[in-house]
Structure formats: structure tokens, C-alpha cells
Amino acid sequence: MPRFSVIVPAYKVQAYLQECLESVLGQSYPDLEVIAVDDCSPDACGALVDEFAARDARVRPVHLPENGGAGAARNAGIERATGDYLVFVDGDDALAPDALRAIADRIKEAGDPDVLVYDHAHALWTGETVRSPFLHQLTEQGPVPFRLDDRPLLLKLPLVAWNKAYRREFVEREGLTFPAGACADIPWTVPALLAAESVATLDRVCVHHRRQRQISDTPPTQGHFDIHEQYERVFAFVDERPELTHWRPVLFRRMVDQLMSVLARPDRLPRTARAEFLRRSRDHYRRYRTPGAAVPLHARLRHLLVRTGSYRTYRVVRLASALRRHLTRFVKSFARRVRSAALRLHYRVQRRLPVRAERAVFTSHSGRGYGCNPGALEAAFRSFVPGMRTAWVARPEFHHTLPTATARVRPGTAAYWTALARSKYLVNNGSWDSRFVKRAGQVVIQTQYGTPLKRMGLDLQDRPAAARDTDFTALVADVDTWDHCLSANRHSTLVWERVFPGGYTTHETGQPRNDVFQQATSADVARLRESLGIPEGSVAILYAPTHRDYLRGPRHTLDLERVLRQLGPRYVLLARAHHIYDAPLTPASGGRLIDVTGHPNIESLCLASDALVTDYSSLMFDYANLNRPIVIHSDDWEAYEAARGTYFDLRAFPPGAIARSEDELIDIFATGHWRGSRSAQLRAAFRERFCPYDDGRAAERVVQRLVLGGTAGQAPVTPLAERHPVPSAADAFAGVPLASVPHPQSSTDGTPVLNGS
């Protein structure tokens, strides 16, 4: 008997059904059966179901003789289900990777609850994925399992069947079935939650619910009139069980909200049917209203409109609301124009005032938090230049990362334009506002943010996937404002001067942000590891892949939980998504898998880790200064090279071992090759080429040369052989077997993967 019965109703979804079934059958938790129900679909759904059944024995096809709707199709699946738990996935939706494993783990933790509620994300036709706005309702904190009385706000979640797993014995005991008609999820979901003796939640996106594009010439139907009948079934269920009477006010308010939602959507009802819908809603309001039940203040207008049932009054209120919205937009737009004009005038006036030699303004990554090369230079300006006053430009959500010694400036404010007009030194690793006008006496320092492996600047002109909407004319105009450009090595110098052509001076000083690698102590490393929750005696791997220009979202090629299971309990994984994405690499965070995407300082994460796993991120050049192991996960080099382009073949000159698949990556750590002699040799050659100046005094050199004037008295660059970066915590148990994998896997040609060449 399988753990899960995944029921997939299919009707007119031939374009999406293959993706749906593959998302289920490709789950890392294989103990399942798939009951694919062809609801007499006129397209190829039935044939697709049979094809998958022939390919995978876990698929059980069902063909209904006539179309009965999603409810009838699901009922047919329930009748044939043998699994411990029922999971519903619509034929145009998809399960998220590893969703069933997460559901199974949570069910086990919660002691096999009757119902498990999990999160979903909307998959828009544009390719975007938007998480549901009900995240706070799915917290896993508190007693588990519980009853709905303990968490009544769960009824605010969408009343759908596909965001929950149901214990089959519970469904059979309660006699739960789907009724006919539209909105059939309501009289299934509400009784299931009310009757459940044990409920649990899972704070993880397990379903990608597709929102198909609305076609303008598709007329709405009267199918949503069924919502009245469906709520009749809900209240009949409550009336049959006196112990549920206290839920009537809650369900009544939920009904009113949904009735108004249907009425407000132009794609739900024909225009000629809306008055009749409102009249029927009025009848339901009067029938099911519970005397004495308080109506929240924000909902009183909705209740009044439903209670009166006057469509004319409803239209007047809608018109008044629309007028108010238009007026509000007009006022806000006018205010923005006035503010913009005032700021332009303010900036013009400030440019006529003297430049302040003791002022410097900094920013990083278009207004993100304090850090990178500008962050290291800001601290150096204050340390080495007496009387220097600094300001940092950052969006408000990043102000908590700024030191108290520097002024906080919000982009686009009067203080921002004052700083740009009056500061002598302007330090950035990106571009300033396009309206910035450089004045005589101002010094613009471009720090860059790493050593380039991928193509940059003008080299992207023939790479449309990477360039996207880049304005190359604006890019060159920004370069024309530069006075100085920092470089980490000769390779960077040659690239920057070609792809950012201009009259600036390049300075091979090293990367100021890497100074901390030579200055930190073992006590600093221990403190950072403790703050991140890394257990003592563990090996911490920092996994930090770069973004893919040819993809809309992050690329998930590693099953991080599987990697940790294979390597054993001594390993911890710090997962950090690229800052271009809003979503983390893993929805699960805690224990040995820790999401550090939101951590404000990448250098601290490097210091806390014992090894780096990346693909083509420039972080590898910085991390090499720590002289700690680096492993390259390169499973899509050809695609990356075709879309973005690179300046050298990383596979021919890597900083350590190279893995071409997940299994090879596991083998590299299981065999100890990640910290072996061959990896050390590769890393040494890599450091020789790309880390000649990062000796811990790069920021000091920049200030001495560009602010204090001249090179006299500057300390010489410390040779690589004489540098002693802080050791990693794993150095304390070098030579001790760490992984639990007994034997290495083999590559596709049958040879063990034992070196990076």
C-alpha cells in the first residue's frame, strides 16, 4: 500500500498535463500511486494518461464515460485510491520538487494528522511564480497536531482541495465526497477542516497553481451560481452536527466575502446575470445570518450590499469606489511630478555651491546594504583620512546594515541629491543615477565587484540573453564619469579597459572587500559560526551559485537535502541564492540545511565556511584568498557559455575539483578529494594568477593613492607565500573521515571522478 495516492483530474489541459504528471512521478519520494482521471476530455488528455500508464506502473488510468466536472473526477480517484493519504493535483498544476518528501516528513512529525495544510505559489502565464499571501497562517510553531478551534484563521486560506493532504481513513470515516457543479471545493474543504480531529501545517510551497491567461473573447458563464448551492451543503453539514454550531458566524462571513468576490470579477458572471446573482445572495444572507454575530468594520459595506440585494446600489458604490481610486491616483501622480520638479531644482541649486573636500558618498549594488568594495573603502576613509565625513546610499529596508558612523541616505531624496552634488568622492560598484552630473573637483571611484569570468560591459552587445534591456549608450556615458577603476589582477585590468572604454585610470590594488580574510582571527570565525547555528565539529559548505541569464528564475539542479543525507551528519550546508532573485534556494531552513540568502555580508559567510561550492560565480576568486577548498559544480557549461560567454575555460583552469553532476559532487566530498593534494595544487595555481594583491591592505592602498595622494610610504604587497589567512574550523580535524558514503560513484564513462582536470 503506497503512502500517497495522488489524484489528477484532467479535462482540456493537454498542454499542461505532461508537465503535471512528470512533476508527480519525478518526486524524490517514490512511494506513491498516481490516479489520472480522464474526465471524458475532448482533447488528447486521455491518450496522455494512457502513455504515462504504459511508461510507469505507478500510474493508474481512469476514463470516465461522460464529463462530470472536477468533483466527479476526484470522486472516481478516491474510490480507487489505496494510499495512506490523498493528494489532489489539478491537471494544469504541478508539484514542487521534493514536495512529497517534505509532506511525508511533516506528517511523520505531526503523528499522522487527518489533514495537513501546505502552501502554494501561483504560476503566472508570464513565467513568474508568486507565493500565496497567506504565509503567516502556515507557521509550524506551536503544538502539533491541533484542531481547527486552535487555529481558526486557517479558514482564511483558499477553500481548495489541492493545498492539503488528507488521511484516507479519515475521508472514508466522514464520508467526504465532492458534489457536482462549480465551486465543489468549498463543501469538501470546509467539512474536512471542521471534522478533522488532528490538523497540521507545512510552511513550504508544495504546489504550483497555474493561472492561465484570460482570453478576452471567452464569455463568462452562469456556473458560479453554484456557489449558493455549495454553501447550502456547508451549512447543512454544520446543522447536522450541533457541536459545530459556533462555526456558523465564521462561515457566514466567509460566504459573504466569496459572494462579493464572484460578483466583483467580470470574468465570473455574464453582465445580464449579476443582478439575479445578487438577489440570490441576498436570500442566502437572510437565511444563514446568525443573530448577534458581529461584522468587522471593514466588511460592513459588503454585508450591507448583500443584505439589500440592490444591484443598482451596488453599481453606484462601485462607481464611487472607481472614482475615488482615479482621484487618488491623480493626486499621487501630481504630487510625484511636483516632488520631482522640486528635487531637480534642489539639485541644480546644490551644484552651484562649493564641493566639500571632506565629504564622501558610497553605495553598493544599486542601493542594497553595506558591503562589498565600497563598504570596505567607507571604513578605510574614516580610519585613514582625518575629518572625513561619509554617507551611504541605501534603500530603507537595508538601513539596518549600515554602521552608525556613516550618514544614512535614501535614494531619490533631497539628501541624496545634496550628497551627489557636494561630495568630493563618489564611490560605487555600479552606476549612479542617470541624472547625475559630474562637477569639476569631484572624484568618481568605480570599485567593480569581483574578477570577471563571465562577459561584461560592451562584450554583451552580441549576447541578447545576458544584455536584455541594457542601454549601452547610457553605460558608456556612466563610464565617462569615472576617474579611477579598481582592479584585482592583470586579467581584470585587461577586461575592464576593453569592455568599459574611457579616460579613467586603472589601479591594480586588489579587492578591498577581501582585506577581512587576512585580518580575521580564529575567534572571529568561531563567533560567526555560532551566530549562524553551525554545530561545533561540523564541516560547513557554502553553496553559492550564480544566476542564469537564459532562465527567468533560479536554477535548482542540486537536491540539497539528498546531498546532506549522502554526506552524513558531520556536514552543514549554507545555501545562498544570487541577490538578483527574491527567493531562497531551499524552502527548508534549519538543522544542517541553513538558508543564508538574506545574510547581509558574504565575506562573513566565507569566513564561517570550510569549503565553497559554486558554479561560475565570481565569488570563487575572492574565496581563493582564504586558501580553502573550492569545488566547481559545472553541469551546464555549454548552455552558460552560449548565453553569457566567458573569458576563459574554467574547466581547463579551475580553483579545485570539478563536478559535472550531483553524484560527482557527492563523490568529491565522500572521497576527501575536495581537500586533497590535487585540489590544493589547482588552487595554488589559481591564486597565483588571480590573487596577487589581496594581502589585507587593499583598502589602505586605495586611500593612500587616491585620497591622500601619491604612493610614497605605501607598504609593499605581501607575497602569496607569506600570507596567512585565518584557518577554517575544519582544519582542526584534517585527515579525519567525514562523509558516510562508502564508495565513490563513477562518471558517465565508467571512471571514478578523482581530480578536477
# chains A, B, ... in the order shown; residues from 1 in each chain; ligands from 1
>>> residues_around(residues="Leu278 in chain A", least_positions_apart="3", cutoff="7 Å", atoms="only C-alpha atoms", output="VMD selection string")
chain A and resid 274 to 275 281 to 282 306 309 311
>>> select_by_dssp(residues="range 396-554 of chain A", states="strand (DSSP E or B)", output="list in words")
Ala407, Arg408, Val409, Ser423, Lys424, Tyr425, Leu426, Val427, Asn428, Val443, Val444, Ile445, Gln446, Lys454, His484, Cys485, Leu486, Ser487, Thr505, Thr506, His507, Glu508, Val539, Ala540, Ile541, Leu542 and Tyr543 of chain A
>>> residues_around(residues="Pro629 in chain A", least_positions_apart="5", cutoff="7 Å", atoms="only C-alpha atoms", output="list of chain:residue names")
A:Ala611, A:Leu612, A:Gly656, A:Trp674, A:Arg675
>>> atom_distance(atom1="CA of His399 in chain A", atom2="CA of Asp610 in chain A")
29.7 Å
>>> residues_around(residues="Leu402 in chain A", least_positions_apart="5", cutoff="10 Å", atoms="only C-alpha atoms", output="PyMOL selection string")
chain A and resi 369-371+375+391-394+407-408
>>> write_last_selection(atoms="N, CA and C atoms", output="PDB file, in the first residue's frame")
ATOM      1  N   GLY A 369      22.498  46.825   0.826  1.00  0.00           N
ATOM      2  CA  GLY A 369      23.104  47.098   2.117  1.00  0.00           C
ATOM      3  C   GLY A 369      24.585  47.392   2.067  1.00  0.00           C
ATOM      4  N   TYR A 370      25.109  47.642   3.239  1.00  0.00           N
ATOM      5  CA  TYR A 370      26.515  47.975   3.433  1.00  0.00           C
ATOM      6  C   TYR A 370      27.376  46.761   3.127  1.00  0.00           C
ATOM      7  N   GLY A 371      28.385  46.928   2.289  1.00  0.00           N
ATOM      8  CA  GLY A 371      29.255  45.797   1.992  1.00  0.00           C
ATOM      9  C   GLY A 371      30.008  45.972   0.704  1.00  0.00           C
ATOM     10  N   GLY A 375      31.911  49.180   0.841  1.00  0.00           N
ATOM     11  CA  GLY A 375      31.835  49.080   2.296  1.00  0.00           C
ATOM     12  C   GLY A 375      33.216  49.079   2.928  1.00  0.00           C
ATOM     13  N   ALA A 391      28.777  59.246   3.802  1.00  0.00           N
ATOM     14  CA  ALA A 391      27.342  58.964   3.707  1.00  0.00           C
ATOM     15  C   ALA A 391      27.169  57.720   2.848  1.00  0.00           C
ATOM     16  N   TRP A 392      26.144  56.931   3.177  1.00  0.00           N
ATOM     17  CA  TRP A 392      25.890  55.686   2.426  1.00  0.00           C
ATOM     18  C   TRP A 392      24.462  55.739   1.872  1.00  0.00           C
ATOM     19  N   VAL A 393      24.345  55.485   0.574  1.00  0.00           N
ATOM     20  CA  VAL A 393      23.047  55.485  -0.095  1.00  0.00           C
ATOM     21  C   VAL A 393      22.499  54.060  -0.109  1.00  0.00           C
ATOM     22  N   ALA A 394      21.343  53.863   0.528  1.00  0.00           N
ATOM     23  CA  ALA A 394      20.732  52.534   0.579  1.00  0.00           C
ATOM     24  C   ALA A 394      19.226  52.682   0.703  1.00  0.00           C
ATOM     25  N   ALA A 407      26.444  58.515   7.617  1.00  0.00           N
ATOM     26  CA  ALA A 407      25.096  59.052   7.448  1.00  0.00           C
ATOM     27  C   ALA A 407      24.289  58.151   6.516  1.00  0.00           C
ATOM     28  N   ARG A 408      23.006  57.975   6.829  1.00  0.00           N
ATOM     29  CA  ARG A 408      22.129  57.131   6.022  1.00  0.00           C
ATOM     30  C   ARG A 408      21.345  58.004   5.048  1.00  0.00           C
TER      31      ARG A 408
END
>>> closest_residue(among="A:Ile227, A:Ile541, A:Ala419, A:Val199", to="Glu109 in chain A", atoms="only C-alpha atoms")
A:Val199
>>> residues_around(residues="Val8 in chain A", least_positions_apart="2", cutoff="8 Å", atoms="only C-alpha atoms", output="PyMOL selection string")
chain A and resi 6+10+34-37+74+77+88-91
>>> residues_around(residues="range 247-260 of chain A", least_positions_apart="6", cutoff="8 Å", atoms="only C-alpha atoms", output="MDAnalysis selection string")
chainID A and resid 156 227 231 235 238 281 285 288:290 293 295 302:303 306
>>> residues_around(residues="Thr546 in chain A", least_positions_apart="4", cutoff="7 Å", atoms="only C-alpha atoms", output="ChimeraX atom specification")
/A:578,615-617
>>> write_last_selection(atoms="N, CA, C and O atoms", output="PDB file, in the first residue's frame")
ATOM      1  N   HIS A 578      21.562  33.880  -5.460  1.00  0.00           N
ATOM      2  CA  HIS A 578      22.091  35.122  -6.009  1.00  0.00           C
ATOM      3  C   HIS A 578      21.158  36.279  -5.660  1.00  0.00           C
ATOM      4  O   HIS A 578      19.934  36.110  -5.622  1.00  0.00           O
ATOM      5  N   ASP A 615      29.288  27.533  -9.082  1.00  0.00           N
ATOM      6  CA  ASP A 615      29.368  27.157 -10.487  1.00  0.00           C
ATOM      7  C   ASP A 615      30.270  28.153 -11.215  1.00  0.00           C
ATOM      8  O   ASP A 615      31.435  27.888 -11.422  1.00  0.00           O
ATOM      9  N   TYR A 616      29.723  29.319 -11.566  1.00  0.00           N
ATOM     10  CA  TYR A 616      30.512  30.291 -12.322  1.00  0.00           C
ATOM     11  C   TYR A 616      30.511  31.657 -11.632  1.00  0.00           C
ATOM     12  O   TYR A 616      30.731  32.679 -12.270  1.00  0.00           O
ATOM     13  N   SER A 617      30.250  31.667 -10.341  1.00  0.00           N
ATOM     14  CA  SER A 617      30.200  32.912  -9.594  1.00  0.00           C
ATOM     15  C   SER A 617      31.600  33.486  -9.402  1.00  0.00           C
ATOM     16  O   SER A 617      32.567  32.749  -9.154  1.00  0.00           O
TER      17      SER A 617
END
>>> atom_distance(atom1="CA of Phe384 in chain A", atom2="CA of Lys424 in chain A")
16.3 Å
>>> closest_residue(among="A:Asp622, A:Glu536, A:Asp459, A:Asp283", to="Arg498 in chain A", atoms="only C-alpha atoms")
A:Asp459
>>> atom_distance(atom1="CA of Ala642 in chain A", atom2="CA of Ile630 in chain A")
24.3 Å
